[in-house]
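Okay, start_36.pdb now, which holds PDB, C-alpha atoms:
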ATOM      1  CA  MET A   1      30.247  29.681   1.076
ATOM      2  CA  HIS A   2      29.546  27.481  -1.927
ATOM      3  CA  ASN A   3      29.157  28.894  -5.360
ATOM      4  CA  ILE A   4      25.687  27.846  -6.550
ATOM      5  CA  ASP A   5      27.197  26.944  -9.917
ATOM      6  CA  ASP A   6      29.261  24.179  -8.256
ATOM      7  CA  VAL A   7      26.418  22.522  -6.319
ATOM      8  CA  GLU A   8      24.943  19.358  -7.868
ATOM      9  CA  THR A   9      21.377  19.568  -9.115
ATOM     10  CA  GLU A  10      18.956  17.922  -6.702
ATOM     11  CA  GLU A  11      16.621  15.306  -8.119
ATOM     12  CA  THR A  12      13.171  14.809  -6.707
ATOM     13  CA  LEU A  13      12.519  11.323  -5.394
ATOM     14  CA  THR A  14       9.558   9.172  -6.296
ATOM     15  CA  CYS A  15       7.495   8.751  -3.139
ATOM     16  CA  LEU A  16       5.219   5.909  -2.111
ATOM     17  CA  ARG A  17       2.612   7.449   0.191
ATOM     18  CA  ILE A  18       1.205   4.573   2.227
ATOM     19  CA  THR A  19      -1.905   5.098   4.320
ATOM     20  CA  VAL A  20      -2.426   2.186   6.723
ATOM     21  CA  HIS A  21      -5.486   0.960   8.593
ATOM     22  CA  HIS A  22      -6.315  -1.843  11.010
ATOM     23  CA  PRO A  23      -9.656  -1.900  12.876
ATOM     24  CA  LEU A  24      -7.935  -2.575  16.223
ATOM     25  CA  HIS A  25      -4.766  -0.530  15.761
ATOM     26  CA  GLU A  26      -5.336   1.462  18.958
ATOM     27  CA  ILE A  27      -5.888  -1.673  21.055
ATOM     28  CA  LYS A  28      -3.281  -3.980  19.521
ATOM     29  CA  ASN A  29      -0.777  -1.243  18.594
ATOM     30  CA  VAL A  30       0.029  -3.135  15.362
ATOM     31  CA  PHE A  31       1.786  -0.114  13.820
ATOM     32  CA  GLN A  32       4.112   0.591  16.744
ATOM     33  CA  LEU A  33       7.222  -0.020  14.624
ATOM     34  CA  ILE A  34       6.262   2.344  11.762
ATOM     35  CA  HIS A  35       7.573   5.915  11.649
ATOM     36  CA  PHE A  36       4.555   7.998  10.649
ATOM     37  CA  ASN A  37       4.603  11.350   8.820
ATOM     38  CA  LYS A  38       8.306  11.098   8.015
ATOM     39  CA  ARG A  39       9.912  10.509   4.618
ATOM     40  CA  GLU A  40      12.311   7.562   4.592
ATOM     41  CA  LYS A  41      14.741   6.935   1.764
ATOM     42  CA  HIS A  42      15.219   3.485   0.179
ATOM     43  CA  MET A  43      17.625   2.297  -2.502
ATOM     44  CA  VAL A  44      15.927   0.969  -5.651
ATOM     45  CA  GLU A  45      18.000  -2.249  -5.697
ATOM     46  CA  ASP A  46      16.597  -3.400  -2.337
ATOM     47  CA  PRO A  47      13.040  -4.793  -2.249
ATOM     48  CA  LEU A  48      10.942  -3.101   0.413
ATOM     49  CA  LYS A  49       9.746  -6.001   2.590
ATOM     50  CA  VAL A  50       6.670  -5.845   4.811
ATOM     51  CA  GLY A  51       5.931  -8.411   7.519
ATOM     52  CA  ARG A  52       6.275  -9.391  11.155
ATOM     53  CA  ASP A  53      10.023 -10.149  11.196
ATOM     54  CA  THR A  54      11.847  -7.032  12.427
ATOM     55  CA  LYS A  55      15.230  -8.300  11.197
ATOM     56  CA  SER A  56      14.387  -8.976   7.549
ATOM     57  CA  CYS A  57      11.550  -6.478   6.960
ATOM     58  CA  HIS A  58      11.862  -2.743   6.393
ATOM     59  CA  ILE A  59       8.266  -2.280   7.550
ATOM     60  CA  SER A  60       7.289  -4.397  10.541
ATOM     61  CA  LEU A  61       3.730  -5.046  11.653
ATOM     62  CA  TYR A  62       3.146  -6.188  15.204
ATOM     63  CA  ASP A  63       0.491  -8.862  14.648
ATOM     64  CA  LEU A  64       0.676 -12.681  14.779
ATOM     65  CA  ARG A  65      -1.702 -12.980  11.793
ATOM     66  CA  VAL A  66       0.942 -11.359   9.599
ATOM     67  CA  SER A  67       3.538 -13.651   8.010
ATOM     68  CA  ARG A  68       7.185 -13.180   8.901
ATOM     69  CA  VAL A  69       7.569 -11.687   5.420
ATOM     70  CA  GLN A  70       4.125 -10.858   4.015
ATOM     71  CA  PHE A  71       5.010  -9.111   0.747
ATOM     72  CA  SER A  72       7.642  -7.046  -1.024
ATOM     73  CA  ILE A  73       7.566  -3.965  -3.203
ATOM     74  CA  GLN A  74      10.314  -3.773  -5.816
ATOM     75  CA  ALA A  75      11.222  -0.774  -7.957
ATOM     76  CA  PHE A  76      11.915  -1.224 -11.672
ATOM     77  CA  ARG A  77      12.025   0.729 -14.930
ATOM     78  CA  HIS A  78      10.273  -0.053 -18.192
ATOM     79  CA  PHE A  79      12.476  -0.152 -21.308
ATOM     80  CA  ASN A  80      13.256   3.331 -22.647
ATOM     81  CA  SER A  81      11.763   5.004 -19.560
ATOM     82  CA  SER A  82      13.439   7.032 -16.856
ATOM     83  CA  LYS A  83      10.473   6.760 -14.455
ATOM     84  CA  LEU A  84      10.351   4.323 -11.555
ATOM     85  CA  PHE A  85       7.553   1.795 -11.400
ATOM     86  CA  PHE A  86       6.840  -0.736  -8.669
ATOM     87  CA  GLU A  87       5.677  -4.314  -8.468
ATOM     88  CA  ILE A  88       4.224  -6.040  -5.442
ATOM     89  CA  LYS A  89       4.842  -9.719  -4.718
ATOM     90  CA  ASN A  90       3.075 -11.931  -2.164
ATOM     91  CA  LEU A  91       5.724 -13.721  -0.087
ATOM     92  CA  SER A  92       3.314 -15.354   2.365
ATOM     93  CA  LYS A  93       2.759 -19.090   1.939
ATOM     94  CA  LYS A  94      -0.348 -19.019   4.147
ATOM     95  CA  GLY A  95      -2.127 -15.778   3.335
ATOM     96  CA  LYS A  96      -3.475 -14.210   0.181
ATOM     97  CA  LEU A  97      -2.776 -10.635  -0.755
ATOM     98  CA  ILE A  98      -5.409  -8.612  -2.584
ATOM     99  CA  VAL A  99      -4.243  -5.681  -4.713
ATOM    100  CA  ASN A 100      -7.286  -3.747  -5.922
ATOM    101  CA  ASN A 101      -9.312  -6.560  -7.559
ATOM    102  CA  THR A 102      -6.416  -8.993  -8.024
ATOM    103  CA  GLU A 103      -5.890 -11.830  -5.566
ATOM    104  CA  LEU A 104      -2.242 -12.865  -5.286
ATOM    105  CA  GLU A 105      -1.159 -16.239  -3.982
ATOM    106  CA  HIS A 106       2.378 -17.139  -2.863
ATOM    107  CA  LEU A 107       5.005 -15.647  -5.245
ATOM    108  CA  ASN A 108       2.394 -14.039  -7.532
ATOM    109  CA  LYS A 109       3.210 -10.439  -8.400
ATOM    110  CA  VAL A 110       1.606  -7.498 -10.211
ATOM    111  CA  GLU A 111       2.657  -4.013 -11.166
ATOM    112  CA  LEU A 112       1.328  -1.412  -8.744
ATOM    113  CA  PRO A 113      -0.845   1.250 -10.385
ATOM    114  CA  LYS A 114      -0.464   4.883  -9.282
ATOM    115  CA  LYS A 115      -3.096   4.196  -6.601
ATOM    116  CA  ALA A 116      -3.656   0.733  -5.134
ATOM    117  CA  LEU A 117      -5.544  -0.759  -2.217
ATOM    118  CA  VAL A 118      -3.526  -3.611  -0.684
ATOM    119  CA  ARG A 119      -5.338  -5.925   1.755
ATOM    120  CA  PHE A 120      -4.395  -8.943   3.867
ATOM    121  CA  ALA A 121      -5.638 -10.274   7.221
ATOM    122  CA  GLU A 122      -7.357  -7.204   8.727
ATOM    123  CA  PHE A 123      -4.879  -4.736   7.237
ATOM    124  CA  GLN A 124      -5.582  -2.220   4.496
ATOM    125  CA  LEU A 125      -2.862  -0.141   2.879
ATOM    126  CA  LEU A 126      -3.592   2.559   0.355
ATOM    127  CA  VAL A 127      -0.425   2.958  -1.748
ATOM    128  CA  GLU A 128      -0.166   6.090  -3.891
ATOM    129  CA  LYS A 129       2.837   6.833  -6.103
ATOM    130  CA  GLU A 130       4.098  10.381  -6.577
ATOM    131  CA  ASP A 131       6.539  10.459  -9.500
ATOM    132  CA  GLY A 132      10.053  11.823  -9.115
ATOM    133  CA  GLU A 133      13.188  12.103 -11.232
ATOM    134  CA  SER A 134      15.707   9.923  -9.389
ATOM    135  CA  THR A 135      16.314   6.357 -10.565
ATOM    136  CA  GLU A 136      18.642   5.516  -7.671
ATOM    137  CA  SER A 137      16.339   5.841  -4.670
ATOM    138  CA  PHE A 138      12.770   6.518  -3.592
ATOM    139  CA  ASP A 139      10.966   7.610  -0.437
ATOM    140  CA  THR A 140       8.182   6.127   1.621
ATOM    141  CA  PHE A 141       5.812   8.237   3.691
ATOM    142  CA  PHE A 142       3.386   6.532   6.099
ATOM    143  CA  GLU A 143       0.119   7.948   7.374
ATOM    144  CA  LEU A 144      -2.482   6.420   9.680
ATOM    145  CA  ALA A 145      -6.084   6.230   8.444
ATOM    146  CA  ARG A 146      -8.945   6.566  10.922
ATOM    147  CA  THR A 147     -11.400   4.880   8.522
ATOM    148  CA  PRO A 148     -10.761   1.972   6.148
ATOM    149  CA  PRO A 149      -9.310   3.235   2.836
ATOM    150  CA  CYS A 150     -11.634   0.877   0.928
ATOM    151  CA  GLN A 151     -14.550   3.087   1.914
ATOM    152  CA  GLU A 152     -12.908   5.901  -0.056
ATOM    153  CA  ILE A 153     -11.606   3.845  -2.953
ATOM    154  CA  LEU A 154     -14.155   1.120  -3.542
ATOM    155  CA  CYS A 155     -17.274   2.344  -1.877
ATOM    156  CA  ALA A 156     -17.661   6.105  -1.831
ATOM    157  CA  PRO A 157     -18.263   6.547  -5.555
ATOM    158  CA  SER A 158     -20.835   3.723  -5.624
ATOM    159  CA  MET A 159     -23.859   5.921  -5.253
ATOM    160  CA  SER A 160     -26.841   4.405  -7.004
ATOM    161  CA  PRO A 161     -30.589   5.019  -6.901
ATOM    162  CA  ILE A 162     -32.991   2.489  -5.439
ATOM    163  CA  PRO A 163     -35.441   1.722  -8.278
ATOM    164  CA  GLU A 164     -38.569   1.987  -6.096
ATOM    165  CA  THR A 165     -37.766   5.391  -4.567
ATOM    166  CA  GLY A 166     -35.097   6.973  -6.736
ATOM    167  CA  ILE A 167     -33.162   7.929  -3.561
ATOM    168  CA  LEU A 168     -29.382   7.780  -3.812
ATOM    169  CA  ILE A 169     -27.660   5.469  -1.349
ATOM    170  CA  ASN A 170     -24.075   4.487  -0.734
ATOM    171  CA  ALA A 171     -23.901   0.768  -1.454
ATOM    172  CA  CYS A 172     -20.995   0.221   0.919
ATOM    173  CA  THR A 173     -22.043   2.013   4.079
ATOM    174  CA  VAL A 174     -22.141  -1.273   5.948
ATOM    175  CA  PRO A 175     -18.647  -1.777   7.480
ATOM    176  CA  GLN A 176     -18.577  -5.529   6.778
ATOM    177  CA  GLN A 177     -18.779  -4.831   3.049
ATOM    178  CA  CYS A 178     -15.398  -3.116   3.230
ATOM    179  CA  SER A 179     -13.708  -5.822   5.260
ATOM    180  CA  LEU A 180     -11.389  -8.245   3.520
ATOM    181  CA  GLN A 181     -13.377  -9.216   0.448
ATOM    182  CA  THR A 182     -12.752 -11.508  -2.442
ATOM    183  CA  PRO A 183     -12.463  -9.882  -5.880
ATOM    184  CA  VAL A 184     -16.015 -11.063  -6.692
ATOM    185  CA  GLU A 185     -17.396  -9.422  -3.531
ATOM    186  CA  MET A 186     -15.488  -6.224  -4.336
ATOM    187  CA  GLU A 187     -16.964  -6.160  -7.844
ATOM    188  CA  GLU A 188     -20.439  -6.638  -6.368
ATOM    189  CA  CYS A 189     -19.729  -3.741  -4.029
ATOM    190  CA  GLU A 190     -18.637  -1.544  -6.930
ATOM    191  CA  LEU A 191     -21.691  -2.491  -9.023
ATOM    192  CA  LYS A 192     -24.251  -1.594  -6.335
TER     193      LYS A 192
END

Represent the structure contained in this file as C-alpha coordinates.
Amino acid sequence: MHNIDDVETEETLTCLRITVHHPLHEIKNVFQLIHFNKREKHMVEDPLKVGRDTKSCHISLYDLRVSRVQFSIQAFRHFNSSKLFFEIKNLSKKGKLIVNNTELEHLNKVELPKKALVRFAEFQLLVEKEDGESTESFDTFFELARTPPCQEILCAPSMSPIPETGILINACTVPQQCSLQTPVEMEECELK
(Lines of atoms letter the chains of each structure in order from A and count residues from 1; the text may use other names and numbers.)
(Lines give C-alpha, C1' and ligand atoms only; values in the text may rest on other atoms or scores of the structure.)
Protein backbone atom coordinates (compact mmCIF):
# COMPACT_ATOMS: atom_id res chain seq x y z
CA MET A 1 0.00 0.00 0.00
CA HIS A 2 1.09 3.55 -0.75
CA ASN A 3 1.26 6.17 1.91
CA ILE A 4 -1.05 8.98 0.77
CA ASP A 5 1.62 11.48 1.78
CA ASP A 6 3.95 10.10 -0.92
CA VAL A 7 1.47 10.19 -3.82
CA GLU A 8 1.80 13.15 -6.22
CA THR A 9 -1.04 15.64 -6.25
CA GLU A 10 -3.30 15.15 -9.26
CA GLU A 11 -3.97 18.18 -11.42
CA THR A 12 -7.25 18.61 -13.22
CA LEU A 13 -6.94 18.89 -16.97
CA THR A 14 -8.48 21.60 -19.09
CA CYS A 15 -11.09 19.94 -21.28
CA LEU A 16 -12.36 20.94 -24.70
CA ARG A 17 -15.91 19.60 -24.93
CA ILE A 18 -16.71 19.40 -28.63
CA THR A 19 -20.27 18.77 -29.76
CA VAL A 20 -20.38 17.89 -33.46
CA HIS A 21 -23.19 18.00 -36.01
CA HIS A 22 -23.61 17.21 -39.69
CA PRO A 23 -27.09 17.06 -41.28
CA LEU A 24 -26.33 13.71 -42.97
CA HIS A 25 -24.15 12.10 -40.30
CA GLU A 26 -26.35 9.00 -40.09
CA ILE A 27 -26.31 8.46 -43.86
CA LYS A 28 -22.71 9.40 -44.65
CA ASN A 29 -21.23 8.25 -41.31
CA VAL A 30 -18.86 11.26 -41.37
CA PHE A 31 -17.95 10.84 -37.69
CA GLN A 32 -17.04 7.16 -37.86
CA LEU A 33 -13.44 7.84 -36.79
CA ILE A 34 -14.30 9.90 -33.68
CA HIS A 35 -14.42 8.29 -30.23
CA PHE A 36 -17.54 9.74 -28.62
CA ASN A 37 -18.18 10.19 -24.88
CA LYS A 38 -14.59 9.39 -23.96
CA ARG A 39 -11.94 11.78 -22.64
CA GLU A 40 -8.73 11.74 -24.68
CA LYS A 41 -5.52 13.31 -23.47
CA HIS A 42 -3.35 15.56 -25.68
CA MET A 43 0.00 17.20 -25.03
CA VAL A 44 -0.06 21.01 -25.17
CA GLU A 45 2.96 21.21 -27.51
CA ASP A 46 1.14 19.33 -30.29
CA PRO A 47 -1.51 21.21 -32.31
CA LEU A 48 -4.78 19.29 -32.45
CA LYS A 49 -5.42 18.89 -36.19
CA VAL A 50 -8.85 18.26 -37.69
CA GLY A 51 -9.37 17.10 -41.27
CA ARG A 52 -9.80 14.20 -43.65
CA ASP A 53 -6.23 12.82 -43.53
CA THR A 54 -6.14 10.00 -40.96
CA LYS A 55 -2.33 10.02 -40.80
CA SER A 56 -1.73 13.69 -39.97
CA CYS A 57 -4.96 14.58 -38.14
CA HIS A 58 -5.89 13.72 -34.56
CA ILE A 59 -9.57 14.11 -35.44
CA SER A 60 -10.55 12.68 -38.81
CA LEU A 61 -13.78 13.45 -40.62
CA TYR A 62 -14.94 11.06 -43.30
CA ASP A 63 -16.13 13.51 -45.96
CA LEU A 64 -14.61 14.55 -49.31
CA ARG A 65 -15.70 18.19 -48.77
CA VAL A 66 -13.31 18.40 -45.83
CA SER A 67 -9.70 19.39 -46.57
CA ARG A 68 -6.93 16.94 -45.77
CA VAL A 69 -6.10 19.25 -42.86
CA GLN A 70 -9.01 21.63 -42.26
CA PHE A 71 -7.89 23.46 -39.11
CA SER A 72 -5.80 23.18 -35.96
CA ILE A 73 -6.35 24.06 -32.33
CA GLN A 74 -3.21 25.05 -30.43
CA ALA A 75 -2.87 25.51 -26.68
CA PHE A 76 -0.98 28.51 -25.29
CA ARG A 77 -0.63 30.60 -22.14
CA HIS A 78 -0.90 34.35 -21.76
CA PHE A 79 2.01 36.09 -20.01
CA ASN A 80 1.82 35.77 -16.21
CA SER A 81 -1.04 33.25 -16.43
CA SER A 82 -1.12 29.60 -15.49
CA LYS A 83 -4.35 28.90 -17.41
CA LEU A 84 -4.43 27.29 -20.84
CA PHE A 85 -6.01 29.15 -23.71
CA PHE A 86 -6.53 27.96 -27.27
CA GLU A 87 -6.30 29.43 -30.73
CA ILE A 88 -7.86 28.04 -33.88
CA LYS A 89 -6.18 28.35 -37.27
CA ASN A 90 -7.69 27.65 -40.70
CA LEU A 91 -5.32 25.35 -42.61
CA SER A 92 -7.58 24.82 -45.63
CA LYS A 93 -6.57 26.61 -48.82
CA LYS A 94 -10.00 26.04 -50.39
CA GLY A 95 -12.51 26.43 -47.59
CA LYS A 96 -13.33 29.17 -45.12
CA LEU A 97 -13.74 28.51 -41.44
CA ILE A 98 -16.25 30.52 -39.44
CA VAL A 99 -15.66 30.89 -35.70
CA ASN A 100 -18.69 32.57 -34.13
CA ASN A 101 -18.95 35.72 -36.30
CA THR A 102 -15.37 35.68 -37.60
CA GLU A 103 -14.60 34.29 -41.04
CA LEU A 104 -11.09 32.84 -41.29
CA GLU A 105 -9.29 32.37 -44.57
CA HIS A 106 -6.18 30.21 -45.09
CA LEU A 107 -3.70 30.64 -42.18
CA ASN A 108 -5.91 33.16 -40.33
CA LYS A 109 -6.25 32.39 -36.64
CA VAL A 110 -8.20 33.66 -33.62
CA GLU A 111 -8.26 32.90 -29.93
CA LEU A 112 -11.12 30.57 -29.01
CA PRO A 113 -13.51 32.02 -26.43
CA LYS A 114 -14.84 29.75 -23.66
CA LYS A 115 -17.71 28.81 -26.00
CA ALA A 116 -17.37 28.93 -29.79
CA LEU A 117 -19.36 27.73 -32.78
CA VAL A 118 -17.00 26.50 -35.51
CA ARG A 119 -18.48 25.95 -38.98
CA PHE A 120 -17.17 24.73 -42.34
CA ALA A 121 -18.79 22.85 -45.24
CA GLU A 122 -21.88 21.31 -43.59
CA PHE A 123 -20.15 20.73 -40.26
CA GLN A 124 -20.87 22.54 -37.01
CA LEU A 125 -18.76 22.08 -33.90
CA LEU A 126 -19.63 23.66 -30.59
CA VAL A 127 -16.36 23.97 -28.64
CA GLU A 128 -16.64 24.67 -24.91
CA LYS A 129 -13.60 25.03 -22.65
CA GLU A 130 -13.65 23.76 -19.08
CA ASP A 131 -10.65 25.18 -17.20
CA GLY A 132 -8.18 22.93 -15.43
CA GLU A 133 -4.88 23.30 -13.59
CA SER A 134 -2.42 21.38 -15.76
CA THR A 135 -0.22 23.27 -18.22
CA GLU A 136 1.27 20.11 -19.73
CA SER A 137 -1.78 18.43 -21.26
CA PHE A 138 -5.49 18.81 -21.90
CA ASP A 139 -8.43 16.55 -22.72
CA THR A 140 -10.95 16.46 -25.52
CA PHE A 141 -14.43 15.03 -25.09
CA PHE A 142 -16.67 14.57 -28.15
CA GLU A 143 -20.45 14.41 -28.18
CA LEU A 144 -22.87 14.05 -31.08
CA ALA A 145 -25.60 16.68 -31.47
CA ARG A 146 -28.99 15.68 -32.88
CA THR A 147 -29.81 19.30 -33.82
CA PRO A 148 -27.47 21.97 -35.18
CA PRO A 149 -25.66 23.76 -32.32
CA CYS A 150 -26.27 27.12 -34.03
CA GLN A 151 -29.94 26.80 -33.16
CA GLU A 152 -28.94 26.87 -29.49
CA ILE A 153 -26.17 29.44 -29.73
CA LEU A 154 -27.24 31.89 -32.40
CA CYS A 155 -30.93 31.40 -32.73
CA ALA A 156 -32.67 30.32 -29.55
CA PRO A 157 -32.24 33.58 -27.66
CA SER A 158 -33.45 35.64 -30.64
CA MET A 159 -37.03 35.89 -29.53
CA SER A 160 -38.58 39.13 -30.73
CA PRO A 161 -42.13 40.42 -31.04
CA ILE A 162 -43.76 41.02 -34.40
CA PRO A 163 -44.78 44.71 -34.35
CA GLU A 164 -48.29 44.09 -35.74
CA THR A 165 -49.29 41.36 -33.27
CA GLY A 166 -46.87 41.56 -30.37
CA ILE A 167 -46.47 37.75 -30.52
CA LEU A 168 -43.01 36.41 -29.73
CA ILE A 169 -41.38 34.34 -32.46
CA ASN A 170 -38.05 32.62 -32.82
CA ALA A 171 -36.32 34.36 -35.71
CA CYS A 172 -34.27 31.29 -36.60
CA THR A 173 -36.80 28.48 -36.65
CA VAL A 174 -36.24 28.00 -40.36
CA PRO A 175 -33.44 25.39 -40.73
CA GLN A 176 -31.79 27.16 -43.68
CA GLN A 177 -31.10 30.18 -41.47
CA CYS A 178 -28.81 28.05 -39.33
CA SER A 179 -26.94 26.48 -42.22
CA LEU A 180 -23.49 27.76 -43.08
CA GLN A 181 -23.96 31.51 -43.00
CA THR A 182 -21.70 34.44 -43.60
CA PRO A 183 -21.01 36.70 -40.61
CA VAL A 184 -23.46 39.27 -42.04
CA GLU A 185 -26.23 36.65 -42.30
CA MET A 186 -25.48 35.49 -38.74
CA GLU A 187 -25.75 39.07 -37.46
CA GLU A 188 -29.08 39.44 -39.27
CA CYS A 189 -30.22 36.23 -37.62
CA GLU A 190 -29.19 37.51 -34.19
CA LEU A 191 -30.91 40.88 -34.76
CA LYS A 192 -34.30 39.40 -35.70

Contacts of Thr12 in chain A at 9 Å (all atoms listed in the file; same-chain gap of 5+ positions) as a list in words: Asp131, Gly132, Glu133, Ser134 and Phe138 of chain A

Please produce a file of the residues just selected, as a PDB file, keeping the file's coordinate frame, where the atoms kept are C-alpha atoms.
ATOM      1  CA  ASP A 131       6.539  10.459  -9.500  1.00  0.00           C
ATOM      2  CA  GLY A 132      10.053  11.823  -9.115  1.00  0.00           C
ATOM      3  CA  GLU A 133      13.188  12.103 -11.232  1.00  0.00           C
ATOM      4  CA  SER A 134      15.707   9.923  -9.389  1.00  0.00           C
ATOM      5  CA  PHE A 138      12.770   6.518  -3.592  1.00  0.00           C
TER       6      PHE A 138
END

Hits from the PyMOL selection byres ((chain A and resi 42-52) around 7), listed as a list in words: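 Written out, the selection comes to Glu40, Lys41, Asp53, Thr54, Cys57, His58, Ile59, Ser60, Leu61, Tyr62, Asp63, Val66, Ser67, Arg68, Val69, Gln70, Phe71, Ser72, Ile73, Gln74, Ala75, Glu136, Ser137, Phe138 and Asp139 of chain A.
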
Non-local contacts of Gln124 in chain A (10 Å; all atoms listed in the file; under 6 positions in same chain excluded) as a list of chain:residue names: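 My list of contacting residues is A:Ile18, A:Thr19, A:Val20, A:His21, A:His22, A:Pro23, A:Ile98, A:Val99, A:Leu117, A:Val118, A:Ala145, A:Pro148, A:Pro149, A:Cys150, A:Cys178, A:Ser179, A:Leu180.
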
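A straight line drawn from CA of Pro113 in chain A to CA of Arg65 in chain A is 26.4 Å long.
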
Selected residue, from A:Ile27, A:Leu112, A:Ala121, A:Leu97, that lies nearest to Phe76 in chain A when counting only C-alpha atoms: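 For Phe76 in chain A, the nearest of the given residues is A:Leu112.
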